[in-house]
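Undergrad: Below you'll find upload-v5.pdb; it's PDB, C-alpha atoms.
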ATOM      1  CA  TRP Y   1    -133.415 -35.773 -48.905
ATOM      2  CA  ALA Y   2    -135.777 -36.244 -45.967
ATOM      3  CA  THR Y   3    -136.736 -32.571 -46.220
ATOM      4  CA  VAL Y   4    -137.597 -32.984 -49.885
ATOM      5  CA  GLU Y   5    -139.806 -35.981 -49.114
ATOM      6  CA  HIS Y   6    -141.542 -34.148 -46.288
ATOM      7  CA  VAL Y   7    -142.224 -31.095 -48.429
ATOM      8  CA  THR Y   8    -143.517 -33.148 -51.380
ATOM      9  CA  ASP Y   9    -145.805 -35.215 -49.134
ATOM     10  CA  LEU Y  10    -147.104 -32.101 -47.418
ATOM     11  CA  CYS Y  11    -147.749 -30.407 -50.769
ATOM     12  CA  SER Y  12    -149.462 -33.523 -52.053
ATOM     13  CA  SER Y  13    -151.780 -33.854 -49.076
ATOM     14  CA  ALA Y  14    -152.434 -30.158 -48.441
ATOM     15  CA  ILE Y  15    -152.354 -28.631 -51.943
ATOM     16  CA  PHE Y  16    -152.349 -30.955 -54.936
ATOM     17  CA  THR Y  17    -154.996 -33.473 -53.831
ATOM     18  CA  PRO Y  18    -157.514 -30.812 -52.697
ATOM     19  CA  VAL Y  19    -156.925 -28.807 -55.902
ATOM     20  CA  ALA Y  20    -157.428 -31.909 -58.053
ATOM     21  CA  LEU Y  21    -160.639 -32.748 -56.212
ATOM     22  CA  ALA Y  22    -161.876 -29.163 -56.603
ATOM     23  CA  VAL Y  23    -161.130 -29.129 -60.333
ATOM     24  CA  ILE Y  24    -162.918 -32.435 -60.868
ATOM     25  CA  THR Y  25    -165.889 -31.276 -58.813
ATOM     26  CA  LEU Y  26    -166.128 -28.022 -60.771
ATOM     27  CA  ARG Y  27    -165.900 -29.878 -64.074
ATOM     28  CA  GLN Y  28    -168.750 -32.134 -63.017
ATOM     29  CA  LYS Y  29    -170.807 -29.256 -61.653
ATOM     30  CA  TYR Y  30    -170.585 -27.216 -64.854
ATOM     31  CA  GLY Y  31    -171.128 -30.169 -67.140
ATOM     32  CA  VAL Y  32    -167.705 -30.386 -68.731
ATOM     33  CA  ALA Y  33    -167.570 -33.802 -70.351
ATOM     34  CA  PRO Y  34    -164.798 -36.107 -69.219
ATOM     35  CA  ASP Y  35    -161.979 -36.838 -71.631
ATOM     36  CA  ASP Y  36    -162.916 -40.508 -71.977
ATOM     37  CA  ASP Y  37    -165.812 -42.831 -71.282
ATOM     38  CA  ALA Y  38    -164.312 -44.248 -68.101
ATOM     39  CA  PRO Y  39    -166.585 -44.501 -65.087
ATOM     40  CA  GLY Y  40    -166.257 -41.601 -62.670
ATOM     41  CA  ILE Y  41    -163.585 -42.698 -60.249
ATOM     42  CA  TRP Y  42    -164.128 -39.516 -58.241
ATOM     43  CA  ASP Y  43    -167.868 -40.021 -57.861
ATOM     44  CA  GLY Y  44    -167.491 -41.717 -54.500
ATOM     45  CA  LEU Y  45    -165.483 -38.812 -53.096
ATOM     46  CA  GLN Y  46    -168.522 -36.571 -53.067
ATOM     47  CA  ASP Y  47    -169.541 -38.385 -49.902
ATOM     48  CA  PRO Y  48    -168.294 -36.300 -46.921
ATOM     49  CA  THR Y  49    -167.352 -39.438 -44.999
ATOM     50  CA  LYS Y  50    -165.066 -40.579 -47.812
ATOM     51  CA  LEU Y  51    -163.515 -37.129 -48.055
ATOM     52  CA  LEU Y  52    -162.827 -37.202 -44.323
ATOM     53  CA  LEU Y  53    -161.240 -40.640 -44.673
ATOM     54  CA  LEU Y  54    -159.081 -39.361 -47.532
ATOM     55  CA  LEU Y  55    -157.938 -36.434 -45.409
ATOM     56  CA  LEU Y  56    -157.201 -38.764 -42.503
ATOM     57  CA  LEU Y  57    -155.232 -41.041 -44.824
ATOM     58  CA  SER Y  58    -153.160 -38.086 -46.038
ATOM     59  CA  VAL Y  59    -152.400 -36.930 -42.496
ATOM     60  CA  LEU Y  60    -151.498 -40.448 -41.351
ATOM     61  CA  GLY Y  61    -149.275 -40.949 -44.403
ATOM     62  CA  PHE Y  62    -147.425 -37.737 -43.634
ATOM     63  CA  ALA Y  63    -147.049 -38.731 -39.966
ATOM     64  CA  GLY Y  64    -145.795 -42.161 -41.052
ATOM     65  CA  LEU Y  65    -143.139 -40.579 -43.232
ATOM     66  CA  GLY Y  66    -142.018 -38.420 -40.312
ATOM     67  CA  LEU Y  67    -141.779 -41.446 -38.038
ATOM     68  CA  GLN Y  68    -139.882 -43.365 -40.710
ATOM     69  CA  THR Y  69    -137.364 -40.535 -40.964
ATOM     70  CA  TYR Y  70    -137.067 -40.480 -37.175
ATOM     71  CA  GLY Y  71    -136.407 -44.223 -37.210
ATOM     72  CA  TYR Y  72    -133.731 -43.876 -39.886
ATOM     73  CA  GLN Y  73    -131.956 -41.326 -37.696
ATOM     74  CA  ARG Y  74    -131.935 -43.731 -34.745
ATOM     75  CA  GLU Y  75    -130.920 -47.011 -36.437
ATOM     76  CA  ARG Y  76    -128.224 -48.181 -38.813
ATOM     77  CA  ALA Y  77    -129.265 -47.765 -42.431
ATOM     78  CA  ALA Y  78    -129.083 -51.437 -43.441
ATOM     79  CA  ARG Y  79    -131.219 -52.551 -40.510
ATOM     80  CA  ALA Y  80    -133.744 -49.771 -40.863
ATOM     81  CA  SER Y  81    -134.120 -50.193 -44.610
ATOM     82  CA  ALA Y  82    -135.020 -53.847 -44.090
ATOM     83  CA  MET Y  83    -138.363 -52.634 -42.744
ATOM     84  CA  ASN Y  84    -139.136 -51.156 -46.173
ATOM     85  CA  PHE Y  85    -139.130 -54.646 -47.645
ATOM     86  CA  LEU Y  86    -142.135 -55.501 -45.494
ATOM     87  CA  GLU Y  87    -144.159 -53.032 -47.570
ATOM     88  CA  ILE Y  88    -144.066 -55.361 -50.574
ATOM     89  CA  PRO Y  89    -145.779 -58.432 -49.091
ATOM     90  CA  PHE Y  90    -148.179 -56.256 -47.089
ATOM     91  CA  SER Y  91    -149.174 -54.343 -50.213
ATOM     92  CA  TYR Y  92    -149.992 -57.588 -52.006
ATOM     93  CA  VAL Y  93    -151.988 -58.846 -49.016
ATOM     94  CA  LEU Y  94    -153.950 -55.579 -48.910
ATOM     95  CA  GLN Y  95    -154.370 -55.700 -52.696
ATOM     96  CA  TYR Y  96    -155.990 -59.111 -52.336
ATOM     97  CA  LEU Y  97    -158.114 -58.224 -49.293
ATOM     98  CA  LEU Y  98    -159.361 -54.852 -50.539
ATOM     99  CA  PHE Y  99    -159.602 -55.354 -54.291
ATOM    100  CA  GLY Y 100    -159.603 -59.119 -54.773
ATOM    101  CA  ASP Y 101    -156.563 -58.944 -57.082
ATOM    102  CA  VAL Y 102    -154.601 -62.176 -57.065
ATOM    103  CA  LEU Y 103    -150.809 -62.091 -57.134
ATOM    104  CA  SER Y 104    -149.434 -63.178 -60.505
ATOM    105  CA  PRO Y 105    -146.460 -65.567 -60.664
ATOM    106  CA  ILE Y 106    -144.138 -62.848 -61.983
ATOM    107  CA  GLN Y 107    -145.197 -60.516 -59.150
ATOM    108  CA  GLY Y 108    -144.516 -63.291 -56.645
ATOM    109  CA  LEU Y 109    -141.089 -63.921 -58.141
ATOM    110  CA  GLY Y 110    -140.274 -60.202 -58.072
ATOM    111  CA  THR Y 111    -141.391 -59.970 -54.456
ATOM    112  CA  LEU Y 112    -139.208 -62.907 -53.487
ATOM    113  CA  LEU Y 113    -136.198 -61.421 -55.297
ATOM    114  CA  VAL Y 114    -136.562 -58.011 -53.643
ATOM    115  CA  ILE Y 115    -137.079 -59.461 -50.173
ATOM    116  CA  SER Y 116    -134.192 -61.921 -50.645
ATOM    117  CA  GLY Y 117    -131.881 -59.109 -51.720
ATOM    118  CA  GLY Y 118    -132.874 -57.036 -48.720
ATOM    119  CA  LEU Y 119    -132.354 -59.914 -46.324
ATOM    120  CA  LEU Y 120    -128.955 -60.699 -47.847
ATOM    121  CA  ASN Y 121    -127.969 -57.057 -47.358
ATOM    122  CA  LEU Y 122    -129.169 -57.158 -43.762
ATOM    123  CA  PHE Y 123    -127.314 -60.396 -42.987
ATOM    124  CA  ALA Y 124    -124.141 -59.069 -44.625
ATOM    125  CA  ASP Y 125    -124.367 -55.934 -42.484
ATOM    126  CA  VAL Y 126    -124.837 -57.988 -39.326
ATOM    127  CA  GLN Y 127    -121.852 -60.176 -40.234
ATOM    128  CA  THR Y 128    -119.535 -57.221 -40.892
ATOM    129  CA  SER Y 129    -120.604 -55.356 -37.767
ATOM    130  CA  GLY Y 130    -120.004 -58.403 -35.571
ATOM    131  CA  GLU Y 131    -123.523 -58.467 -34.130
ATOM    132  CA  GLY Y 132    -124.309 -61.982 -35.330
TER     133      GLY Y 132
END
Starting from the file, lay out its structure as structure tokens.
TA:
Amino acid sequence: WATVEHVTDLCSSAIFTPVALAVITLRQKYGVAPDDDAPGIWDGLQDPTKLLLLLLLSVLGFAGLGLQTYGYQRERAARASAMNFLEIPFSYVLQYLLFGDVLSPIQGLGTLLVISGGLLNLFADVQTSGEG
């Protein structure tokens, strides 16, 4: 499964994203009208600095996935998977800091349920392995 994730992330960062950006740029260049009246979400990507940041983000995401796979190979699955639960609160913090979106009560409840379930799994694993 790790190979599948690596290949899909590599294809996404090296093939699909650049092709999508090229198609959108060509559509704008030749005056093809967009399908709806939404503001151009790709307009900011015509800035070379933003394109470089997008490329850097893709490369770092791919490297992060590789390091995550390496970590899973070195640690027990229950303990290593507990780190994935940190993504949820961090994503909401970044959502608030970057976009100003406030966490809704149902999102907060869902976050608490997922993190609680992960911690229960981790504690159960520690209890059965005799580490605690």
Undergrad: Mind pulling up the distance from atom CA of Gln68 of chain Y to atom CA of Thr111 of chain Y?
TA: 21.6 Å
Undergrad: Could you list, as a PyMOL selection string, every residue matched by the PyMOL selection byres ((chain Y and resi 13) around 10) in this structure?
TA: chain Y and resi 7-12+14-19+54-59+61-62
Undergrad: To one decimal in Å, tell me the separation between atom CA of Glu5 of chain Y and atom CA of Gly71 of chain Y.
TA: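 Atom CA of Gly71 of chain Y lies 14.9 Å from atom CA of Glu5 of chain Y.
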Undergrad: Taking into account only C-alpha atoms, which residue in the set Y:Gln28, Y:Ser104, Y:Ser81, Y:Thr49 is nearest to Gly118 of chain Y?
TA: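 Of Y:Gln28, Y:Ser104, Y:Ser81, Y:Thr49, the one nearest Gly118 of chain Y, counting only C-alpha atoms, is Y:Ser81.
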Undergrad: When you draw a straight line from atom CA of Tyr72 of chain Y to atom CA of Ala124 of chain Y, how long is it in Å?
TA: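 It comes out at 18.6 Å.
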Undergrad: Which of these residues is nearest to Thr128 of chain Y, using all atoms listed in the file: Y:Val23, Y:Gly66, Y:Ala78, Y:Lys29?
TA: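 For Thr128 of chain Y, the nearest of the given residues is Y:Ala78.
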Undergrad: Smallest atom-to-atom distance to Arg76 of chain Y: which of Y:Lys50, Y:Val4, Y:Phe99, Y:Val126, using only C-alpha atoms?
TA: Y:Val126
Undergrad: Check the smallest atom-to-atom distance from each of Y:Asn84, Y:Gln73, Y:Thr3, Y:Thr25 to Leu122 of chain Y using only C-alpha atoms, then report the winner.
TA: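 For Leu122 of chain Y, the nearest of the candidates is Y:Asn84.
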Undergrad: For each of Y:Arg79, Y:Phe90, Y:Ile24, Y:Leu109, take the minimum atom-to-atom distance to Asn121 of chain Y, counting all atoms listed in the file, then give the residue where this is smallest.
TA: Y:Arg79
